[in-house]
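**Q** For reference, this is work_27.txt, and it has compact mmCIF, C-alpha atoms.
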```txt
# COMPACT_ATOMS: atom_id res chain seq x y z
CA MET A 1477 13.40 -22.76 -3.91
CA THR A 1478 11.59 -20.61 -1.31
CA LEU A 1479 11.10 -22.22 2.09
CA ILE A 1480 7.49 -21.92 3.22
CA THR A 1481 6.96 -21.68 6.99
CA SER A 1482 3.93 -21.06 9.18
CA SER A 1483 5.08 -17.48 9.72
CA PRO A 1484 6.82 -16.11 6.62
CA ALA A 1485 9.33 -13.30 6.81
CA VAL A 1486 7.43 -11.18 4.30
CA SER A 1487 3.76 -10.86 3.39
CA VAL A 1488 2.87 -9.13 0.12
CA ILE A 1489 -0.66 -7.74 -0.02
CA VAL A 1490 -2.12 -7.15 -3.49
CA PRO A 1491 -5.54 -5.46 -3.80
CA VAL A 1492 -7.08 -6.40 -7.15
CA TYR A 1493 -10.23 -5.35 -8.96
CA ASN A 1494 -10.88 -6.56 -12.51
CA GLU A 1495 -7.20 -7.22 -13.29
CA ASP A 1496 -7.49 -10.60 -15.03
CA GLU A 1497 -4.96 -9.68 -17.73
CA ASN A 1498 -2.44 -8.29 -15.25
CA VAL A 1499 -2.55 -10.87 -12.46
CA PRO A 1500 -0.59 -13.72 -14.14
CA MET A 1501 2.30 -11.44 -15.10
CA LEU A 1502 2.31 -9.74 -11.72
CA GLN A 1503 2.43 -13.06 -9.90
CA ALA A 1504 5.35 -14.21 -12.07
CA GLU A 1505 7.23 -10.96 -11.39
CA LEU A 1506 6.60 -11.23 -7.65
CA ARG A 1507 7.88 -14.80 -7.65
CA ALA A 1508 11.07 -13.68 -9.40
CA ALA A 1509 11.63 -10.66 -7.15
CA LEU A 1510 11.13 -12.71 -3.96
CA LYS A 1511 12.81 -15.96 -5.02
CA SER A 1512 15.30 -15.78 -2.12
CA VAL A 1513 12.79 -14.48 0.44
CA ASP A 1514 10.50 -16.54 2.66
CA HIS A 1515 7.17 -14.96 1.72
CA GLU A 1516 3.43 -15.26 1.24
CA LEU A 1517 1.20 -13.52 -1.31
CA ILE A 1518 -2.23 -12.27 -0.25
CA PHE A 1519 -4.52 -11.26 -3.10
CA VAL A 1520 -7.60 -9.37 -1.92
CA ASP A 1521 -10.23 -9.39 -4.65
CA ASP A 1522 -12.37 -6.27 -4.36
CA GLY A 1523 -15.48 -7.74 -5.97
CA SER A 1524 -14.09 -8.37 -9.47
CA VAL A 1525 -16.60 -9.31 -12.16
CA ASP A 1526 -14.04 -10.71 -14.60
CA GLN A 1527 -11.70 -13.72 -14.34
CA THR A 1528 -9.21 -12.15 -11.90
CA VAL A 1529 -9.56 -14.78 -9.18
CA GLU A 1530 -9.50 -17.69 -11.62
CA ARG A 1531 -6.21 -16.44 -13.06
CA ILE A 1532 -4.39 -16.33 -9.73
CA GLU A 1533 -2.06 -19.33 -9.59
CA THR A 1534 -2.64 -21.43 -6.50
CA ALA A 1535 0.30 -22.36 -4.27
CA PRO A 1536 0.90 -23.14 -0.58
CA ASN A 1537 2.09 -19.56 0.00
CA VAL A 1538 -0.77 -17.88 -1.89
CA GLN A 1539 -3.95 -16.76 -0.15
CA VAL A 1540 -6.98 -15.26 -1.90
CA ILE A 1541 -9.55 -13.22 0.01
CA ARG A 1542 -12.74 -12.39 -1.91
CA PHE A 1543 -15.18 -9.59 -1.13
CA GLN A 1544 -18.85 -10.22 -1.95
CA LYS A 1545 -18.98 -6.83 -3.67
CA ASN A 1546 -16.70 -3.91 -4.40
CA ALA A 1547 -15.72 -2.21 -1.12
CA GLY A 1548 -12.84 0.00 -2.21
CA GLN A 1549 -9.06 0.01 -2.12
CA SER A 1550 -8.77 0.94 1.55
CA ALA A 1551 -10.93 -2.00 2.60
CA ALA A 1552 -8.89 -4.41 0.47
CA ILE A 1553 -5.61 -3.12 1.85
CA TYR A 1554 -6.78 -3.16 5.47
CA VAL A 1555 -8.18 -6.69 5.29
CA GLY A 1556 -4.99 -7.89 3.61
CA LEU A 1557 -2.81 -6.30 6.28
CA LYS A 1558 -4.89 -7.85 9.06
CA ALA A 1559 -4.63 -11.30 7.44
CA ALA A 1560 -0.86 -11.10 6.91
CA ARG A 1561 1.46 -13.25 9.04
CA GLY A 1562 4.86 -11.90 8.00
CA SER A 1563 7.07 -9.74 10.19
CA THR A 1564 7.34 -7.30 7.28
CA LEU A 1565 4.34 -6.38 5.13
CA VAL A 1566 4.49 -5.07 1.57
CA LEU A 1567 1.72 -3.31 -0.34
CA ILE A 1568 1.70 -3.30 -4.14
CA ASP A 1569 -0.91 -2.44 -6.78
CA GLY A 1570 -2.36 -5.17 -8.97
CA ASP A 1571 -2.16 -3.22 -12.24
CA LEU A 1572 1.58 -3.77 -13.02
CA GLN A 1573 2.40 -0.06 -12.69
CA ASN A 1574 4.35 -0.75 -9.49
CA ASP A 1575 7.49 -2.80 -10.18
CA PRO A 1576 7.98 -5.90 -7.96
CA ALA A 1577 11.74 -5.61 -8.61
CA ASP A 1578 11.74 -2.64 -6.22
CA ILE A 1579 10.53 -4.72 -3.26
CA PRO A 1580 14.00 -5.93 -2.13
CA ARG A 1581 15.10 -2.29 -1.85
CA LEU A 1582 12.15 -1.53 0.42
CA LEU A 1583 12.99 -4.56 2.55
CA ASP A 1584 16.60 -3.37 2.86
CA GLU A 1585 15.37 -0.10 4.38
CA ILE A 1586 13.35 -2.04 6.95
CA VAL A 1587 16.49 -3.97 7.88
CA ARG A 1588 18.31 -0.65 8.30
CA GLY A 1589 15.77 0.48 10.88
CA ALA A 1590 12.82 2.06 9.10
CA ASP A 1591 9.32 1.21 10.33
CA LEU A 1592 7.58 2.31 7.12
CA VAL A 1593 9.16 2.65 3.68
CA CYS A 1594 7.18 4.65 1.11
CA GLY A 1595 7.98 4.45 -2.57
CA TYR A 1596 7.62 7.62 -4.59
CA ARG A 1597 7.19 7.65 -8.35
CA GLU A 1598 10.14 9.72 -9.54
CA HIS A 1599 9.11 9.43 -13.20
CA ARG A 1600 5.36 8.89 -13.36
CA ARG A 1601 3.89 7.19 -16.42
CA ASP A 1602 0.56 9.00 -16.22
CA THR A 1603 -1.18 11.81 -18.09
CA ARG A 1604 -0.11 15.40 -17.48
CA VAL A 1605 -3.46 16.21 -15.84
CA LYS A 1606 -3.17 13.27 -13.46
CA ARG A 1607 0.41 14.19 -12.54
CA LEU A 1608 -0.50 17.82 -11.88
CA THR A 1609 -3.55 17.06 -9.75
CA SER A 1610 -1.56 14.50 -7.81
CA GLN A 1611 1.22 17.02 -7.11
CA ILE A 1612 -1.29 19.55 -5.80
CA ALA A 1613 -3.11 16.96 -3.70
CA ASN A 1614 0.13 15.64 -2.20
CA ALA A 1615 1.33 19.16 -1.34
CA VAL A 1616 -1.95 20.08 0.38
CA ARG A 1617 -2.20 16.75 2.22
CA SER A 1618 1.40 16.89 3.42
CA ARG A 1619 0.91 20.41 4.74
CA TYR A 1620 -2.23 19.61 6.71
CA THR A 1621 -1.33 16.16 8.02
CA LYS A 1622 2.41 16.92 8.38
CA ASP A 1623 3.42 13.47 7.13
CA GLY A 1624 6.25 14.88 4.97
CA VAL A 1625 5.63 12.30 2.24
CA ARG A 1626 5.79 13.46 -1.37
CA ASP A 1627 3.72 10.72 -3.04
CA THR A 1628 1.20 9.04 -0.76
CA GLY A 1629 -0.69 7.86 -3.86
CA CYS A 1630 2.06 5.34 -4.59
CA THR A 1631 0.77 2.05 -3.18
CA LEU A 1632 4.22 0.43 -3.05
CA LYS A 1633 5.17 0.42 0.63
CA ALA A 1634 6.75 -1.83 3.26
CA MET A 1635 6.11 -1.74 6.98
CA ARG A 1636 6.78 -3.68 10.14
CA HIS A 1637 3.88 -5.87 11.24
CA GLU A 1638 3.37 -3.96 14.48
CA CYS A 1639 2.50 -0.82 12.52
CA VAL A 1640 -0.87 -2.31 11.52
CA SER A 1641 -2.28 -1.78 15.02
CA THR A 1642 -1.95 1.98 14.48
CA LEU A 1643 -4.16 2.07 11.38
CA VAL A 1644 -7.78 3.15 11.60
CA PRO A 1645 -10.13 1.47 9.09
CA PHE A 1646 -12.08 4.04 7.08
CA LYS A 1647 -12.73 4.73 3.41
CA GLY A 1648 -9.65 6.52 2.08
CA MET A 1649 -7.34 5.16 4.77
CA HIS A 1650 -4.72 4.00 2.25
CA ARG A 1651 -3.86 7.63 1.40
CA PHE A 1652 -3.07 8.42 5.03
CA ILE A 1653 -0.99 5.44 6.14
CA PRO A 1654 2.17 7.62 6.42
CA ALA A 1655 0.33 10.30 8.46
CA LEU A 1656 -1.16 7.76 10.85
CA LEU A 1657 2.16 5.99 11.42
CA LYS A 1658 4.19 9.17 11.74
CA GLY A 1659 1.63 10.46 14.24
CA ALA A 1660 2.34 7.32 16.29
CA GLU A 1661 6.09 8.15 16.16
CA TYR A 1662 7.09 5.41 13.76
CA ARG A 1663 10.13 6.10 11.56
CA LEU A 1664 9.37 6.79 7.89
CA VAL A 1665 11.72 6.58 4.91
CA GLU A 1666 11.06 7.41 1.25
CA ILE A 1667 12.83 5.89 -1.75
CA PRO A 1668 12.32 6.43 -5.50
CA VAL A 1669 10.68 3.52 -7.30
CA ASN A 1670 9.97 2.59 -10.88
CA HIS A 1671 6.56 3.45 -12.31
CA ARG A 1672 5.32 1.78 -15.46
CA PRO A 1673 2.53 2.65 -17.89
CA ARG A 1674 -0.66 0.63 -17.54
CA ARG A 1675 -0.67 -2.15 -20.14
CA PHE A 1676 -4.12 -3.66 -19.68
CA GLY A 1677 -7.45 -2.45 -18.36
CA GLN A 1678 -8.16 1.01 -17.05
CA THR A 1679 -7.77 3.01 -13.86
CA LYS A 1680 -10.43 2.06 -11.33
CA TYR A 1681 -10.13 5.08 -9.07
CA GLY A 1682 -10.39 8.29 -11.11
CA LEU A 1683 -9.96 11.93 -10.16
CA GLY A 1684 -13.67 12.61 -9.92
CA ASN A 1685 -14.35 9.93 -7.32
CA ARG A 1686 -11.58 10.87 -4.91
CA ALA A 1687 -10.92 14.65 -4.85
CA VAL A 1688 -13.77 15.72 -2.56
CA ARG A 1689 -13.56 12.59 -0.42
CA ALA A 1690 -9.80 12.97 0.01
CA THR A 1691 -10.23 16.56 1.18
CA ILE A 1692 -12.82 15.57 3.77
CA ASP A 1693 -10.65 12.65 4.89
CA MET A 1694 -7.64 14.96 5.21
CA PHE A 1695 -9.37 17.17 7.77
CA GLY A 1696 -10.69 14.12 9.57
CA VAL A 1697 -7.19 12.63 9.86
CA ARG A 1698 -5.78 15.93 11.05
CA TRP A 1699 -8.41 16.02 13.81
CA LEU A 1700 -7.70 12.41 14.70
CA LEU A 1701 -3.97 13.06 15.00
CA SER A 1702 -4.60 16.08 17.21
CA ARG A 1703 -6.65 13.90 19.58
CA ARG A 1704 -4.27 10.94 19.72
CA LEU A 1705 -3.51 9.63 23.20
CA ASN A 1706 0.11 10.33 24.09
CA TYR A 1707 1.52 8.46 27.07
CA LYS A 1708 4.42 6.25 28.15
CA ILE A 1709 4.50 3.67 30.92
CA ARG A 1710 7.06 4.45 33.62
CA GLU A 1711 9.60 1.67 34.08
CA GLN A 1712 9.39 -0.14 37.40
CA ASN A 1713 12.44 0.18 39.66
```
With the file now loaded, output its structure as structure tokens.
**A**
Amino acid sequence: MTLITSSPAVSVIVPVYNEDENVPMLQAELRAALKSVDHELIFVDDGSVDQTVERIETAPNVQVIRFQKNAGQSAAIYVGLKAARGSTLVLIDGDLQNDPADIPRLLDEIVRGADLVCGYREHRRDTRVKRLTSQIANAVRSRYTKDGVRDTGCTLKAMRHECVSTLVPFKGMHRFIPALLKGAEYRLVEIPVNHRPRRFGQTKYGLGNRAVRATIDMFGVRWLLSRRLNYKIREQN
């Protein structure tokens, strides 16, 4: 039985939007994957119009944050990160394509000294068109932001709590978490993770609604990184 404390070791943030068929199974898988870990689950409902919230099982370590209307994945992730109390924070999609069984491996990398652990989908269960466009987008983004991450579109990540202060809230932020943290000299690690085909519902964030925005965001992040304050306080003798 998991011990619930006022400040859990791990906070898992799950952005959800119209995932009423997926949420019960995801919650059961998270419970199994984290059975030996002191944790909390934070579901951020991005304005769902189905029964997503009603199907989230209540528990002392489960928090649900509801938006009045759809605000986007970045907003859901940022609000969840700011609400989290754990010393280590985990991000995972609500559509069951990320595998909760991979979370302990991400946590192990944090214990070994990483500040941010990024999962990358070694064998993606998506259409050929989606895989190809993602590969091109990742290559271009990595070149211009110099984050060195091969799959920033994979939501499954773990980070130390202090990393949150480095993030800048803007639409599209979730794609640039590695760039923002690397620019602040945090240590990044990548590990391969399982990727599963979507069983229920449909993709909420398609190619058409992100390509142009992501390109604009990429140049904005590059400018932001070039203007970052860089200083260290001298130790007092």
**Q** Quick one: residues within 8 Å of region 1627-1631 of chain A, only C-alpha atoms counted, chain neighbours fewer than 3 positions away excluded, as a list in words?
**A**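 So, after excluding close chain neighbours, the residues are Leu1567, Ile1568, Asp1569, Asn1574, Cys1594, Gly1595, Tyr1596, Arg1597, Ser1610, Gln1611, Asn1614, His1650, Arg1651, Phe1652 and Pro1654 of chain A.
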**Q** Take CA of Asp1522 (chain A) and CA of Ala1552 (chain A) and report the distance between them in Å, one decimal.
**A** 6.2 Å
**Q** One decimal, in Å: what's the spacing between CA of Arg1507 (chain A) and CA of Ala1485 (chain A)?
**A** 14.6 Å
**Q** Which neighbours of Arg1581 (chain A) fall inside 10 Å, counting all atoms listed in the file, when residues of the same chain fewer than 3 positions from it are skipped, and could you give them as a count of residues only?
**A** 12
**Q** Kindly indicate which residue among A:Asp1591, A:Glu1638, A:Asp1575, A:Glu1598 lies nearest to Glu1505 (chain A), using all atoms listed in the file for the distances.
**A**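 Checking each of A:Asp1591, A:Glu1638, A:Asp1575, A:Glu1598 against Glu1505 (chain A), counting all atoms listed in the file, the winner is A:Asp1575.
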**Q** Just to confirm, what's the straight-line distance from CA of Ser1641 (chain A) to CA of Leu1705 (chain A) in Å (one decimal)?
**A** 14.1 Å
**Q** In terms of the shortest atom-to-atom distance over all atoms listed in the file, which of A:Trp1699, A:Gln1573, A:Asp1496, A:Ala1590 is closest to Pro1673 (chain A)?
**A**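 Ranking A:Trp1699, A:Gln1573, A:Asp1496, A:Ala1590 by distance to Pro1673 (chain A), first place goes to A:Gln1573.
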**Q** Around region 1554-1571 of chain A, with edges along x, y and z and 4 Å added on all six sides, what centre and edge lengths do you get, in Å to one decimal, as lines of an AutoDock Vina configuration file?
**A**
```
center_x = -0.4
center_y = -7.8
center_z = -1.0
size_x = 23.5
size_y = 18.8
size_z = 30.4
```
**Q** Given the choices A:Val1525, A:Leu1632, A:Met1649, A:Leu1506, which gets closest to Gly1548 (chain A) if the distance is worked out from only C-alpha atoms?
**A**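 Ranking A:Val1525, A:Leu1632, A:Met1649, A:Leu1506 by distance to Gly1548 (chain A), first place goes to A:Met1649.
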**Q** What lies within 12 Å of Ser1524 (chain A) using all atoms listed in the file, ignoring chain neighbours under 3 positions off, as a PDB file with C-alpha atoms, in the frame of the given file?
**A**
```
ATOM      1  CA  PRO A1491      -5.540  -5.460  -3.800  1.00  0.00           C
ATOM      2  CA  VAL A1492      -7.080  -6.400  -7.150  1.00  0.00           C
ATOM      3  CA  TYR A1493     -10.230  -5.350  -8.960  1.00  0.00           C
ATOM      4  CA  ASN A1494     -10.880  -6.560 -12.510  1.00  0.00           C
ATOM      5  CA  GLU A1495      -7.200  -7.220 -13.290  1.00  0.00           C
ATOM      6  CA  ASP A1496      -7.490 -10.600 -15.030  1.00  0.00           C
ATOM      7  CA  PHE A1519      -4.520 -11.260  -3.100  1.00  0.00           C
ATOM      8  CA  VAL A1520      -7.600  -9.370  -1.920  1.00  0.00           C
ATOM      9  CA  ASP A1521     -10.230  -9.390  -4.650  1.00  0.00           C
ATOM     10  CA  GLN A1527     -11.700 -13.720 -14.340  1.00  0.00           C
ATOM     11  CA  THR A1528      -9.210 -12.150 -11.900  1.00  0.00           C
ATOM     12  CA  VAL A1529      -9.560 -14.780  -9.180  1.00  0.00           C
ATOM     13  CA  GLU A1530      -9.500 -17.690 -11.620  1.00  0.00           C
ATOM     14  CA  ARG A1531      -6.210 -16.440 -13.060  1.00  0.00           C
ATOM     15  CA  ILE A1541      -9.550 -13.220   0.010  1.00  0.00           C
ATOM     16  CA  ARG A1542     -12.740 -12.390  -1.910  1.00  0.00           C
ATOM     17  CA  PHE A1543     -15.180  -9.590  -1.130  1.00  0.00           C
ATOM     18  CA  GLN A1544     -18.850 -10.220  -1.950  1.00  0.00           C
ATOM     19  CA  LYS A1545     -18.980  -6.830  -3.670  1.00  0.00           C
ATOM     20  CA  ASN A1546     -16.700  -3.910  -4.400  1.00  0.00           C
ATOM     21  CA  ALA A1547     -15.720  -2.210  -1.120  1.00  0.00           C
ATOM     22  CA  GLY A1548     -12.840   0.000  -2.210  1.00  0.00           C
ATOM     23  CA  ALA A1552      -8.890  -4.410   0.470  1.00  0.00           C
ATOM     24  CA  LYS A1680     -10.430   2.060 -11.330  1.00  0.00           C
TER      25      LYS A1680
END
```
**Q** Looking at all atoms listed in the file, which of A:Ile1532, A:Ile1579, A:Val1486, A:Ile1553 is the one that sits closest to Ala1508 (chain A)?
**A** A:Ile1579
**Q** What would the list of residues within 12 Å of (-7.8, 10.1, 13.5) (file frame) look like as a list in words, if only C-alpha atoms are what count?
**A**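 Those residues, ordered by chain and then number, are Thr1621, Thr1642, Leu1643, Val1644, Pro1645, Phe1646, Met1649, Phe1652, Ile1653, Ala1655, Leu1656, Leu1657, Gly1659, Ala1660, Asp1693, Met1694, Phe1695, Gly1696, Val1697, Arg1698, Trp1699, Leu1700, Leu1701, Ser1702, Arg1703, Arg1704 and Leu1705 of chain A.
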